[in-house]
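Working notes, structure below.
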Amino acid sequence: MEQSSDILIVGGGLNGPALALALAQTGHRVTVIDALAEKVRKNAAFDGRAYALALASQRLLEAIGVWSRVAKHAQPMLEIKVTDGHAGAGPSPFFMHFDHAEIEEGPMGFMVEDRHLRRAFLDAMAAEKAITQISGKTVVSQQTSGTGVSLTLDDGAVVKGALLIGCDGRRSGTAERAGIKRTGWDYGQTALVCAIEHDLPHHGIAHQFFMPPGPLAILPLTGNRSSIVWSERTEMAKRINALPEEDYLQVLRPRFGDFLGEIRLVGDRFTYPLNLTIANSFIGERMALVGDAAHGMHPIAGQGLNAGLRDVGALAEVLTLAGRRGEDISSPLVLERFQEWRRFDTASLAMATDVFNKLFSNDNPLLRIGRDIGMGVVGSLPGLRRGFVREAAGLTGDLPKLLQGRAI
């Protein structure tokens with residue numbers, strides 16, 4: 001059995017569906033292949049996972065018709081507070097405070113739970129006639145020729161297209177089958193992820209508390225709930241995650257503090273190892289990589305999904321404009337435009353998160369003095385603060401049209 005489309009997308013997480021919708025709405029026929037069954041993806045229960053969507057990413061979701069499906073579940077991020085210190089000892093007197101009121105565009109971003117985003121993307125794709133979804137199937141081989149790309153699935157079905165896009169994560173099978181190597185390293189840290197309920201309101205404020213083992217992010221969800229992304233040395237993280245719920249909270253509380261009153265766990269807890277991994281090329285023959293398949297970075301600035309959505313906006317724009325000019329959208333010249341647009345930006349972001357993590361995830365007294373003074377300086381200068389707010393909102397750099405809220 002064979003199926004054909006203009007563009008094949010492997011990976012149905014978040015970047016894959018976003019790209020499928022952006023391309024379908026500009027006239028391309030798209031097939032999205034995901035290993036998970038649609039029922040599993042659509043009926044996921046609350047598990048604590050959530051994403052910090054920058055304002056520019058929210059604009060893209062609005063432009064492709066997804067935002068209206070999740071807006072009621074989104075928590076605006078109105079302020080960000082960044083501090084440095086030790087667990088149980090309180091933060092340093094030097095800190096950075098960013099307020100959305102310093103820019104004209106609105107909130108810096110929004111927190112949206114994973115379950116709501118996935119369901120919204122699935123519903124939006126189901127309503128788009130130009131998108132074919134294949135769920136619960138994995139790609140076992142891929143062949144590229146002068147006429148197109150052919151994928152063989154684990155049930156023997158063959159799917160063909162002119163162009164292949166890998167949106168299949170840091171261990172991208174698409175990249176591996178194409179012979180694309182990766183560069184990176186392990187941080188020796190593991191992120192503990194959970195959600196908490198607290199007695200006091202968070203007022204839309206996100207907190208980043210840097211401690212020697214790694215940062216703790218407290219990110220506001222709707223209601224009196226927050227998402228926690230808590231980095232520890234890997235062995236310590238394993239021991240903490242294995243603790244019973246109350247003991248886990250006893251470890252978290254000194255790090256968290258009491259500014260939101262009493263805290264309780266809600267949803268599941270889970271962990272994931274932290275590393276840096278960048279594909280040596282974002283493109284291959286009739287192929288491109290998007291999101292974590294191209295670049296996986298430390299979650300220290302919460303930019304993983306935002307960087308992926310910038311890829312989505314850039315690739316959709318490059319392919320659509322090339323098609324309108326009568327070019328072959330799978331040609332090396334067209335794909336190279338995408339790589340040139342995104343490679344420097346993502347490499348710079350990955351290196352920045354790497355340096356920031358190494359600078360803050362230690363207890364060197366000289367570095368501690370330097371970074372505290374640096375935070376104090378940034379916090380006291382309105383021009384610098386405004387620049388950081390715009391960066392957090394995703395409003396800097398060469399933005400694709402969809403991230404400006406404009407149609408391609």
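Ligands are numbered from 1 in the order shown, chains are lettered A, B, ... in the order of the structure tokens, and residues start at 1 in each chain.
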
Excluding region 104-118 of chain A and residues on its chain fewer than 3 positions from it, collect all residues at most 7 Å away from it, counting only C-alpha atoms, and give them as a PDB file with N, CA and C atoms, in the first residue's frame.
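Output saved as out-v7.pdb:
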ATOM      1  N   LEU A  14       5.021  18.460  18.820  1.00  0.00           N
ATOM      2  CA  LEU A  14       4.502  19.819  18.725  1.00  0.00           C
ATOM      3  C   LEU A  14       5.020  20.533  17.483  1.00  0.00           C
ATOM      4  N   ARG A  41      -2.014  10.226  22.400  1.00  0.00           N
ATOM      5  CA  ARG A  41      -1.598  11.626  22.316  1.00  0.00           C
ATOM      6  C   ARG A  41      -2.740  12.570  22.696  1.00  0.00           C
ATOM      7  N   LYS A  42      -3.958  12.221  22.302  1.00  0.00           N
ATOM      8  CA  LYS A  42      -5.077  13.135  22.492  1.00  0.00           C
ATOM      9  C   LYS A  42      -5.676  13.076  23.892  1.00  0.00           C
ATOM     10  N   ALA A  44      -4.132  12.394  26.809  1.00  0.00           N
ATOM     11  CA  ALA A  44      -3.151  12.469  27.891  1.00  0.00           C
ATOM     12  C   ALA A  44      -3.734  13.232  29.079  1.00  0.00           C
ATOM     13  N   ALA A  45      -3.516  12.689  30.285  1.00  0.00           N
ATOM     14  CA  ALA A  45      -3.971  13.350  31.501  1.00  0.00           C
ATOM     15  C   ALA A  45      -2.941  14.381  31.940  1.00  0.00           C
ATOM     16  N   PHE A  46      -3.316  15.200  32.907  1.00  0.00           N
ATOM     17  CA  PHE A  46      -2.386  16.195  33.429  1.00  0.00           C
ATOM     18  C   PHE A  46      -1.195  15.485  34.060  1.00  0.00           C
ATOM     19  N   ARG A  49       3.715  18.513  32.866  1.00  0.00           N
ATOM     20  CA  ARG A  49       4.538  19.103  31.806  1.00  0.00           C
ATOM     21  C   ARG A  49       3.844  20.324  31.212  1.00  0.00           C
ATOM     22  N   ALA A  50       4.631  21.368  31.004  1.00  0.00           N
ATOM     23  CA  ALA A  50       4.090  22.595  30.426  1.00  0.00           C
ATOM     24  C   ALA A  50       5.210  23.313  29.700  1.00  0.00           C
ATOM     25  N   TYR A  51       4.835  24.267  28.853  1.00  0.00           N
ATOM     26  CA  TYR A  51       5.813  24.987  28.043  1.00  0.00           C
ATOM     27  C   TYR A  51       5.662  26.485  28.247  1.00  0.00           C
ATOM     28  N   ALA A  52       6.810  27.158  28.277  1.00  0.00           N
ATOM     29  CA  ALA A  52       6.820  28.616  28.305  1.00  0.00           C
ATOM     30  C   ALA A  52       6.879  29.098  26.861  1.00  0.00           C
ATOM     31  N   LEU A  53       5.738  29.527  26.341  1.00  0.00           N
ATOM     32  CA  LEU A  53       5.659  30.014  24.970  1.00  0.00           C
ATOM     33  C   LEU A  53       5.946  31.506  24.939  1.00  0.00           C
ATOM     34  N   ALA A  54       7.001  31.901  24.258  1.00  0.00           N
ATOM     35  CA  ALA A  54       7.296  33.325  24.093  1.00  0.00           C
ATOM     36  C   ALA A  54       6.171  33.989  23.304  1.00  0.00           C
ATOM     37  N   LEU A  55       6.052  35.298  23.437  1.00  0.00           N
ATOM     38  CA  LEU A  55       5.002  36.036  22.731  1.00  0.00           C
ATOM     39  C   LEU A  55       5.060  35.776  21.226  1.00  0.00           C
ATOM     40  N   VAL A  70      -6.394  26.853  22.634  1.00  0.00           N
ATOM     41  CA  VAL A  70      -5.706  26.697  23.921  1.00  0.00           C
ATOM     42  C   VAL A  70      -5.734  27.959  24.778  1.00  0.00           C
ATOM     43  N   HIS A  73      -6.723  27.994  28.361  1.00  0.00           N
ATOM     44  CA  HIS A  73      -5.874  27.223  29.275  1.00  0.00           C
ATOM     45  C   HIS A  73      -4.510  27.887  29.497  1.00  0.00           C
ATOM     46  N   ALA A  74      -4.284  29.049  28.905  1.00  0.00           N
ATOM     47  CA  ALA A  74      -2.967  29.694  28.943  1.00  0.00           C
ATOM     48  C   ALA A  74      -2.862  30.669  30.109  1.00  0.00           C
ATOM     49  N   GLN A  75      -1.712  30.648  30.761  1.00  0.00           N
ATOM     50  CA  GLN A  75      -1.424  31.590  31.846  1.00  0.00           C
ATOM     51  C   GLN A  75      -0.412  32.619  31.357  1.00  0.00           C
ATOM     52  N   PRO A  76      -0.784  33.900  31.277  1.00  0.00           N
ATOM     53  CA  PRO A  76       0.191  34.922  30.859  1.00  0.00           C
ATOM     54  C   PRO A  76       1.364  35.018  31.843  1.00  0.00           C
ATOM     55  N   MET A  77       2.568  35.212  31.295  1.00  0.00           N
ATOM     56  CA  MET A  77       3.750  35.474  32.122  1.00  0.00           C
ATOM     57  C   MET A  77       3.992  36.980  32.121  1.00  0.00           C
ATOM     58  N   LEU A  78       3.738  37.594  33.254  1.00  0.00           N
ATOM     59  CA  LEU A  78       3.782  39.049  33.359  1.00  0.00           C
ATOM     60  C   LEU A  78       5.123  39.565  33.882  1.00  0.00           C
ATOM     61  N   HIS A 100       6.626  42.817  32.041  1.00  0.00           N
ATOM     62  CA  HIS A 100       6.088  42.966  30.683  1.00  0.00           C
ATOM     63  C   HIS A 100       5.658  44.401  30.395  1.00  0.00           C
ATOM     64  N   ALA A 101       5.454  45.209  31.432  1.00  0.00           N
ATOM     65  CA  ALA A 101       5.042  46.598  31.240  1.00  0.00           C
ATOM     66  C   ALA A 101       6.133  47.423  30.551  1.00  0.00           C
ATOM     67  N   PHE A 121      -3.371  20.710  18.638  1.00  0.00           N
ATOM     68  CA  PHE A 121      -2.729  20.421  17.352  1.00  0.00           C
ATOM     69  C   PHE A 121      -3.429  19.269  16.637  1.00  0.00           C
ATOM     70  N   LEU A 122      -3.786  18.225  17.364  1.00  0.00           N
ATOM     71  CA  LEU A 122      -4.466  17.092  16.726  1.00  0.00           C
ATOM     72  C   LEU A 122      -5.807  17.506  16.148  1.00  0.00           C
ATOM     73  N   PRO A 220       4.404  29.846  36.280  1.00  0.00           N
ATOM     74  CA  PRO A 220       2.988  29.930  36.657  1.00  0.00           C
ATOM     75  C   PRO A 220       2.051  29.220  35.674  1.00  0.00           C
ATOM     76  N   LEU A 221       1.176  28.397  36.226  1.00  0.00           N
ATOM     77  CA  LEU A 221       0.091  27.786  35.462  1.00  0.00           C
ATOM     78  C   LEU A 221      -1.225  28.453  35.867  1.00  0.00           C
ATOM     79  N   VAL A 389      13.780  41.783  28.293  1.00  0.00           N
ATOM     80  CA  VAL A 389      12.336  41.499  28.185  1.00  0.00           C
ATOM     81  C   VAL A 389      11.975  41.171  26.741  1.00  0.00           C
ATOM     82  N   ALA A 392      13.244  37.711  25.952  1.00  0.00           N
ATOM     83  CA  ALA A 392      12.393  36.690  26.557  1.00  0.00           C
ATOM     84  C   ALA A 392      11.087  36.524  25.791  1.00  0.00           C
ATOM     85  N   ALA A 393      10.581  37.623  25.239  1.00  0.00           N
ATOM     86  CA  ALA A 393       9.334  37.574  24.469  1.00  0.00           C
ATOM     87  C   ALA A 393       9.540  37.052  23.052  1.00  0.00           C
TER      88      ALA A 393
END

For Arg264 (chain A), find every residue with an atom within 12 Å (counting only C-alpha atoms), except residues of its own chain fewer than 3 positions away, and show them as a list in words.
Cys194, Ala195, Ile196, Glu197, His198, Asp199, Leu200, Asn224, Arg225, Ser226, Ser227, Ile228, Glu245, Glu246, Asp247, Tyr248, Leu249, Gln250, Leu252, Arg253, Phe256, Leu260, Gly261, Gly267 and Asp268 of chain A

Could you check which of A:Cys167, A:Val318, A:Met236, A:Val355 is closest to Asp292 (chain A), using only C-alpha atoms?
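Once distances to Asp292 (chain A) are computed over only C-alpha atoms, the minimum belongs to A:Cys167.
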
Neighbouring residues of Leu151 (chain A) were defined as those with any atom within 12 Å, considering only C-alpha atoms; residues of the same chain fewer than 4 positions away were excluded. Please report them as a ChimeraX atom specification.
/A:1-5,7-10,31-33,137-145,155-165,173-174,177

Of the candidates A:Arg119, A:Arg386, A:His298, A:His28, which shows the shortest atom-to-atom distance to Ser231 (chain A), using only C-alpha atoms?
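Of A:Arg119, A:Arg386, A:His298, A:His28, the one nearest Ser231 (chain A), counting only C-alpha atoms, is A:His298.
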
So which bits of region 242-353 of chain A end up strand (DSSP E) when you DSSP the backbone, as a compact mmCIF listing (two decimals) with N, CA, C and O atoms, in the first residue's frame?
# COMPACT_ATOMS: atom_id res chain seq x y z
N ILE A 263 2.83 24.05 49.80
CA ILE A 263 2.81 23.47 48.46
C ILE A 263 2.47 21.99 48.52
O ILE A 263 2.77 21.30 49.49
N ARG A 264 1.82 21.50 47.43
CA ARG A 264 1.43 20.10 47.30
C ARG A 264 1.69 19.65 45.87
O ARG A 264 1.50 20.43 44.93
N LEU A 265 2.09 18.41 45.70
CA LEU A 265 2.30 17.87 44.35
C LEU A 265 0.96 17.58 43.69
O LEU A 265 0.03 17.07 44.33
N VAL A 266 0.86 17.87 42.40
CA VAL A 266 -0.29 17.46 41.59
C VAL A 266 0.23 16.86 40.29
O VAL A 266 1.22 17.33 39.73
N GLY A 267 -0.39 15.81 39.82
CA GLY A 267 0.08 15.17 38.59
C GLY A 267 1.28 14.29 38.85
O GLY A 267 1.66 14.00 40.00
N ASP A 268 1.89 13.83 37.78
CA ASP A 268 3.03 12.91 37.86
C ASP A 268 4.33 13.67 38.08
O ASP A 268 4.42 14.88 37.90
N ARG A 269 5.37 12.92 38.45
CA ARG A 269 6.74 13.45 38.47
C ARG A 269 7.55 12.64 37.48
O ARG A 269 7.32 11.44 37.32
N PHE A 270 8.48 13.27 36.83
CA PHE A 270 9.36 12.52 35.95
C PHE A 270 10.68 13.26 35.79
O PHE A 270 10.84 14.39 36.28
N THR A 271 11.64 12.62 35.16
CA THR A 271 12.97 13.19 34.99
C THR A 271 13.42 13.06 33.54
O THR A 271 12.91 12.21 32.80
N TYR A 272 14.35 13.93 33.14
CA TYR A 272 15.02 13.72 31.86
C TYR A 272 16.44 14.26 31.94
O TYR A 272 16.69 15.30 32.56
N PRO A 273 17.39 13.53 31.35
CA PRO A 273 18.79 13.95 31.40
C PRO A 273 19.01 15.22 30.58
O PRO A 273 18.34 15.43 29.57
N LEU A 274 19.96 16.03 31.01
CA LEU A 274 20.22 17.30 30.34
C LEU A 274 21.52 17.21 29.56
O LEU A 274 22.57 16.83 30.08
N ASN A 275 21.44 17.56 28.30
CA ASN A 275 22.63 17.56 27.44
C ASN A 275 22.47 18.62 26.36
O ASN A 275 21.42 19.23 26.20
N LEU A 276 23.56 18.83 25.66
CA LEU A 276 23.56 19.70 24.49
C LEU A 276 23.83 18.83 23.28
O LEU A 276 24.77 18.03 23.27
N THR A 277 23.00 18.91 22.27
CA THR A 277 23.20 18.11 21.06
C THR A 277 22.72 18.90 19.85
O THR A 277 21.56 19.32 19.78
N ILE A 278 23.65 19.14 18.91
CA ILE A 278 23.34 19.92 17.71
C ILE A 278 23.73 19.10 16.48
O ILE A 278 24.85 18.57 16.40
N ALA A 279 22.80 18.95 15.55
CA ALA A 279 23.09 18.24 14.30
C ALA A 279 24.16 18.99 13.52
O ALA A 279 24.12 20.23 13.44
N ILE A 283 20.25 20.12 7.21
CA ILE A 283 19.64 19.68 5.95
C ILE A 283 20.44 18.51 5.36
O ILE A 283 21.60 18.29 5.70
N GLY A 284 19.78 17.77 4.49
CA GLY A 284 20.42 16.70 3.73
C GLY A 284 19.75 16.63 2.37
O GLY A 284 19.00 17.55 1.98
N MET A 287 15.86 16.76 2.45
CA MET A 287 15.53 16.59 3.87
C MET A 287 15.95 17.81 4.69
O MET A 287 16.93 18.49 4.37
N ALA A 288 15.18 18.11 5.74
CA ALA A 288 15.54 19.16 6.69
C ALA A 288 15.17 18.68 8.09
O ALA A 288 14.28 17.84 8.27
N LEU A 289 15.86 19.23 9.09
CA LEU A 289 15.61 18.89 10.49
C LEU A 289 15.07 20.12 11.21
O LEU A 289 15.55 21.23 10.99
N HIS A 295 18.51 20.67 17.09
CA HIS A 295 19.25 21.29 18.19
C HIS A 295 18.52 21.07 19.51
O HIS A 295 17.40 21.50 19.69
N GLY A 296 19.16 20.38 20.42
CA GLY A 296 18.62 20.20 21.77
C GLY A 296 19.52 20.92 22.75
O GLY A 296 20.74 20.76 22.70

CA of Glu79 (chain A) to CA of Asp99 (chain A), straight-line distance in Å:
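Between these atoms lies a distance of 4.5 Å.
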
Here is a test: counting only C-alpha atoms, which residue of A:Arg170, A:Gly184, A:Gly148, A:Lys39 is nearest to Ile329 (chain A)?
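The closest residue to Ile329 (chain A) is A:Gly148.
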
Atomic separation - CA of Gln339 (chain A) relative to CA of Ile134 (chain A), Å
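These two atoms are separated by 27.4 Å.
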
Check the DSSP output for the backbone and give back, as a list of chain:residue names, the residues of region 51-109 of chain A in alpha helix (DSSP H).
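After running DSSP on the backbone, region 51-109 of chain A has alpha helix (DSSP H) at A:Leu55, A:Ala56, A:Ser57, A:Gln58, A:Arg59, A:Leu60, A:Leu61, A:Glu62, A:Ala63, A:Trp67, A:Ser68, A:Arg69, A:Val70.
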
Which residues are close to Gly308 (chain A), i.e. within 9 Å by only C-alpha atoms, leaving aside same-chain residues fewer than 2 positions away? Reply as a CSV table (one decimal) with N, CA and C atoms, in the first residue's frame.
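Listing of part-v9.csv after writing:
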chain,number,residue,atom,x,y,z
A,14,LEU,N,5.0,18.5,18.8
A,14,LEU,CA,4.5,19.8,18.7
A,14,LEU,C,5.0,20.5,17.5
A,15,ASN,N,6.3,20.5,17.2
A,15,ASN,CA,6.9,21.1,16.1
A,15,ASN,C,6.3,20.5,14.8
A,290,VAL,N,14.1,19.9,12.1
A,290,VAL,CA,13.5,21.0,12.8
A,290,VAL,C,13.4,20.6,14.3
A,291,GLY,N,13.5,21.7,15.2
A,291,GLY,CA,13.3,21.5,16.6
A,291,GLY,C,14.5,20.7,17.2
A,292,ASP,N,14.2,19.8,18.2
A,292,ASP,CA,15.2,19.1,18.9
A,292,ASP,C,15.9,18.1,17.9
A,294,ALA,N,17.2,19.0,15.3
A,294,ALA,CA,18.3,19.8,14.8
A,294,ALA,C,19.1,20.4,16.0
A,295,HIS,N,18.5,20.7,17.1
A,295,HIS,CA,19.2,21.3,18.2
A,295,HIS,C,18.5,21.1,19.5
A,303,GLN,N,13.8,27.9,26.2
A,303,GLN,CA,13.7,28.2,24.8
A,303,GLN,C,13.7,27.1,23.9
A,304,GLY,N,13.6,25.8,24.4
A,304,GLY,CA,13.6,24.7,23.4
A,304,GLY,C,12.5,24.7,22.4
A,305,LEU,N,11.2,24.8,22.9
A,305,LEU,CA,10.1,24.8,22.0
A,305,LEU,C,10.1,26.1,21.2
A,306,ASN,N,10.4,27.2,21.8
A,306,ASN,CA,10.4,28.5,21.1
A,306,ASN,C,11.4,28.4,19.9
A,310,ARG,N,10.6,28.7,15.9
A,310,ARG,CA,11.2,29.6,14.9
A,310,ARG,C,11.7,28.8,13.7
A,311,ASP,N,12.2,27.6,13.9
A,311,ASP,CA,12.5,26.7,12.8
A,311,ASP,C,11.2,26.5,11.9
A,312,VAL,N,10.1,26.3,12.5
A,312,VAL,CA,8.9,26.0,11.8
A,312,VAL,C,8.5,27.2,10.9
A,313,GLY,N,8.6,28.4,11.5
A,313,GLY,CA,8.2,29.7,10.8
A,313,GLY,C,9.2,29.9,9.7
